[in-house]
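Report on one structure; see the data block that follows.
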Amino acid sequence: MAHIRLRRTIPADKSTVFDALTIQEYISGWFAPHVIATPVSGTYAAFAFDEDQHFKVLLSEIVRDEKIVWEYTGGNLDWDHSRIVFRLE
């Protein structure tokens, strides 16, 4: 599987960025307009961009102000076996 690494500098403290990546209302402001998510490891989150594009991820790891891991579990996007890791430094 290919790996893609993106590094971004966000002009905010770790706690603010962590909240933007884990709180349902904040995620819908930057990622997908329709979000169902609870920031707890082992739970699932659902995202929809519109009626035709939607998917679910397992929130497999959440460490406050450090790391969030999304593992694609299904939907109609071609993201099979995708794992997205957000590391806050």
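Identifiers in this document derive from the order of the structure tokens: chains are assigned A, B, ..., residues are numbered from 1 separately in each chain, and ligands are numbered from 1 in order of occurrence.
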What lies within 12 Å of Leu6 (chain A) using only C-alpha atoms, ignoring chain neighbours under 5 positions off, as a list in words?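 Listed by chain and then number, they are Ile84, Val85, Phe86 and Arg87 of chain A.
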Hey, what's within 9 Å of Leu21 (chain A) if we count only C-alpha atoms and toss same-chain stuff fewer than 5 positions away? As a list in words, please?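 In the requested format, the answer is Thr16, Tyr26, Ile27, Pro39, Ile68 and Phe86 of chain A.
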Include C-alpha atoms and write out the residues we just selected as a compact mmCIF listing (two decimals), in the first residue's frame.
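Saved file again-v2.txt follows:
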# COMPACT_ATOMS: atom_id res chain seq x y z
CA THR A 16 -7.69 23.72 19.23
CA TYR A 26 -16.00 21.48 14.02
CA ILE A 27 -15.34 18.66 11.53
CA PRO A 39 -14.44 11.50 19.98
CA ILE A 68 -6.13 10.66 15.93
CA PHE A 86 -3.27 12.90 12.36
Tell me, which residues of chain A carry DSSP helix (DSSP H, G or I), written as a PyMOL selection string? chain A and resi 14-22+24-30
So that I can check the surroundings of His34 (chain A), please list as a ChimeraX atom specification every protein, DNA and RNA residue that reaches within 12 Å of it, counting only C-alpha atoms and ignoring chain neighbours fewer than 3 positions away. /A:24-31,37,45-51,53-56
Calculate how many Å separate CA of Leu88 (chain A) from CA of Leu59 (chain A), rounding to one decimal.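 Straight-line distance from CA of Leu88 (chain A) to CA of Leu59 (chain A) works out to 16.0 Å.
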CA of Thr38 (chain A) to CA of Leu58 (chain A), distance in Å rounded to a single decimal: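 Between CA of Thr38 (chain A) and CA of Leu58 (chain A) the gap is 10.8 Å.
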May I ask which of the residues A:Ile36, A:Asp65, A:His81, A:Thr43 is the closest one to Ala12 (chain A), counting only C-alpha atoms?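 Answer, going by the shortest atom-to-atom distance: A:Asp65.
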Shortest interatomic distance to Trp70 (chain A) - which of A:Lys14, A:Arg5, A:Val35, A:Ser41, counting only C-alpha atoms: A:Ser41
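For the atom pair formed by CA of Ala20 (chain A) and CA of Ile62 (chain A), the distance is 13.2 Å, given to one decimal.
Minimum distance to Val57 (chain A) across A:Arg83, A:Ala32, A:Arg8, A:Ala2 (counting only C-alpha atoms) occurs at A:Arg83.
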Taking only chain A into account, list the residues labelled strand (DSSP E) by DSSP (computed from the backbone), as number ranges by chain. A: 34-36, 43-50, 53-63, 67-75, 83-87
